[in-house]
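Notes to accompany the following structure.
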Amino acid sequence: MFSVREIVTRGGTLQYREEYFTGLKCRISPDRSKRQIDQPLYVPPGHIGCPFCRENIFSVTPTFPDGHRIIRGESVTFPNLFPFGKDHVVTVITRDHYMDTFSKEQIGDALASQIEALRSFEGYPSINWNFLPSAGASLVHPHMQGLCDEMPSRIVGNYLCAGSMYREQQGRNYWDALKEMEMASERSLFGDEIIWFAHAVPQGEREIRGIFPFSSLDELEPYIDLLSGDILKILSLYRKLGTHAFNMSLFFDKADDGDPEYNAFCSFIARINPNPLSTSDSAFMERLHNEPIVMTLPEDLGRYYRTGKM
């Protein structure tokens, strides 16, 4: 289901990997780890003025059309003030401005709130998390983001096509074949209902994938407790490896499609630890959805070149 082409360079061995049915590619250069570009964790100081802290959150964040926010446990959910999707919601996970270790209840409440908010929208939903500035988080305060668009993001579209193509060519379900392959491989991690493994063609450092036994967001709720525990296992693994920053995305099919050739899945990638010299404008959309978020209109850039005005 994927190819590996290996070459030997002056600096070590390099692998080119590609998934056959999605076209996703990566290059793996293990010797680059010798550069030791990652640094000990540095958390930007202070929470004064943070809109997600309790002294500010209920006065500066927007509400849903009915005038309310979703509150569950410590979590608070509301529409994104600066959306980059048709429907875009934010769930602040914790009361504390910064946490490096989460409880199952905190993760579960945030996931349940995301489900509640996203259920009211039509389209292809996803649940996402940028943790720390070097992973593209604009705020240190831990928060998830839910998106729902009329069209699937690029990576979901790739796998929808892959499922249909695999059925046509191989006569069986793509995801069943993938789970069988990964459970029998050296990449297998853990899980029976949700299958977790190190992705063979990683789209980021230390990518971990989980395949769900369903396709749509509506089917996630019974798995919240299990998924919350699994997320904590993955974060624990990252911490043991010295990684603190990460991106996470959960990808779902449309609720009314029930496509038998698609399984919902989750991806994690590790990011460089934040340090005083690092920040990033690359977050879950760029790294996991394969769709960059851009702030400047090309036409405005052309106008600025010609006139000096945006």
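As shown in the structure tokens, the chain order sets the letters A, B, ...; within each chain, residues go from 1, and ligands are also counted from 1 in the order they appear.
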
Original post:
Contacts of stretch 244-256 of chain A at 7 Å or less, counting only C-alpha atoms, minus same-chain residues fewer than 6 places along, as a PyMOL selection string?
Top reply: chain A and resi 123-132+134-135+156+215-218+238+264-273+283-284+288

Original post:
Near stretch 39-48 of chain A, within 10 Å and counting only C-alpha atoms, which residues show up once chain neighbours fewer than 6 positions away are dropped, as a list of chain:residue names?
Top reply: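 The filter keeps A:Glu55, A:Asn56, A:Asp96, A:His97, A:Tyr98, A:Leu132, A:Pro133, A:Leu139, A:Val140, A:His141, A:Gly242, A:Thr243, A:His244, A:Ala245, A:Ile272, A:Asn273, A:Pro274, A:Asn275, A:Pro276, A:Leu277, A:Ser278.
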
**OP:** Just give me the gap between atom CA of A:His199 and atom CA of A:Ser164 in Å, one decimal is fine.
**Re:**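 Value for the atom CA of A:His199-atom CA of A:Ser164 distance: 20.8 Å.
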
Original post:
Between A:Asp66, A:Asp109, A:Asp300, A:Asp100, which one has atoms that come closest to A:Ser228, using only C-alpha atoms?
Top reply: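 Result for the nearest residue to A:Ser228: A:Asp109.
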
**OP:** Write down as a PyMOL selection string the residues of stretch 63-165 of chain A whose backbone DSSP state falls under helix (DSSP H, G or I).
**Re:** chain A and resi 104-118+133-135+154-165

**OP:** Name all residues at most 12 Å from A:Pro222 (count only C-alpha atoms; drop same-chain ones fewer than 5 positions away) and give them as a ChimeraX atom specification.
**Re:** /A:108,111-112,115,193,212-214,217,227-228

For the residues in that selection, give me C-alpha atoms as a PDB file, in the first residue's frame.
ATOM      1  CA  GLY A 108     -13.301  14.047  27.078  1.00  0.00           C
ATOM      2  CA  LEU A 111     -14.254  16.368  22.598  1.00  0.00           C
ATOM      3  CA  ALA A 112     -17.899  16.118  23.697  1.00  0.00           C
ATOM      4  CA  ILE A 115     -19.230  17.129  18.860  1.00  0.00           C
ATOM      5  CA  GLU A 193     -11.327  -0.767  18.512  1.00  0.00           C
ATOM      6  CA  PHE A 212     -11.858   4.471  13.906  1.00  0.00           C
ATOM      7  CA  PRO A 213     -14.445   1.723  13.231  1.00  0.00           C
ATOM      8  CA  PHE A 214     -16.886   4.264  11.750  1.00  0.00           C
ATOM      9  CA  LEU A 217     -18.836  12.500  13.624  1.00  0.00           C
ATOM     10  CA  LEU A 227     -10.279   8.099  22.618  1.00  0.00           C
ATOM     11  CA  SER A 228      -9.444  10.415  25.526  1.00  0.00           C
TER      12      SER A 228
END

Subject >> In stretch 63-271 of chain A, DSSP strand (DSSP E) residues written as a ChimeraX atom specification >> reply: /A:70-72,75-79,87-92,124-131,143-149,188-190,195-198,205-211,246-251,265-270
